[in-house]
Amino acid sequence: MQIMKTLVSVFLMATLLWACSPGLNPENTAKVEEAFAKYEDSPGKTVFRDKCAKCHGYRLPETRLAEKWPKTIDKMAPKAKLTDDQKAAVLAFVTKYAKAS
Ligand code: HEC
């Protein structure tokens with residue numbers, strides 16, 4: 001059973017590290033593909049993928065609460081130079097997949 005314990009702690013540590021990370025590194029294409037495969041294609045997904053990892057890694061929708069996203073997107077939209085349509089699309093995308101509570 002020792003092996004199980006080891007596996008469980010490795011998994012927990014990986015989860016913790018991931019949760020505290022500055023976001024998913026866009027250069028890690030395998031990880032990026034895997035992360036984005038979870039989401040249905042939408043205009044917001046495309047905008048997010050194109051525009052939201054230029055300064056920091058991808059801060060994926062499910063790493064933030066739905067109620068926190070509108071404020072964050074308000075701050076990030078000008079940084080990412082989004083049009084109003086792009087901003088609305090990204091907000092719909094991130095809140096759809098956001099952490100519930
Ligand atoms: C021009 C650079 C830039 C772009 C483009 C950008 N961000 Fe940011 N973002 C920042 C900076 C600077 C911070 C604050 C420092 C930090 O947390 O790294 C930040 C912080 C964040 C945070 C953490 C703050 C919080 O309230 O939780 C999230 C989430 C985030 N950005 C999401 C996004 C999304 C989504 C996009 C695409 C619409 C985006 N960012 C595009 C620069 C940028």
# chains A, B, ... in the order shown; residues from 1 in each chain; ligands from 1
>>> residues_near_ligand(ligand="ligand 1", cutoff="12 Å", atoms="only C-alpha atoms and all ligand atoms", output="number ranges by chain")
A: 20-24, 44-95, 98
>>> select_by_dssp(residues="chain A", states="alpha helix (DSSP H)", output="number ranges by chain")
A: 2-20, 29-37, 43-51, 69-79, 84-96
>>> atom_distance(atom1="CA of Thr29 (chain A)", atom2="CA of Asp41 (chain A)")
17.6 Å
>>> select_by_dssp(residues="chain A", states="strand (DSSP E or B)", output="JSON, numbers by chain")
{"A": [24, 58, 65, 99]}
>>> atom_distance(atom1="CA of Tyr39 (chain A)", atom2="CA of Lys96 (chain A)")
9.5 Å
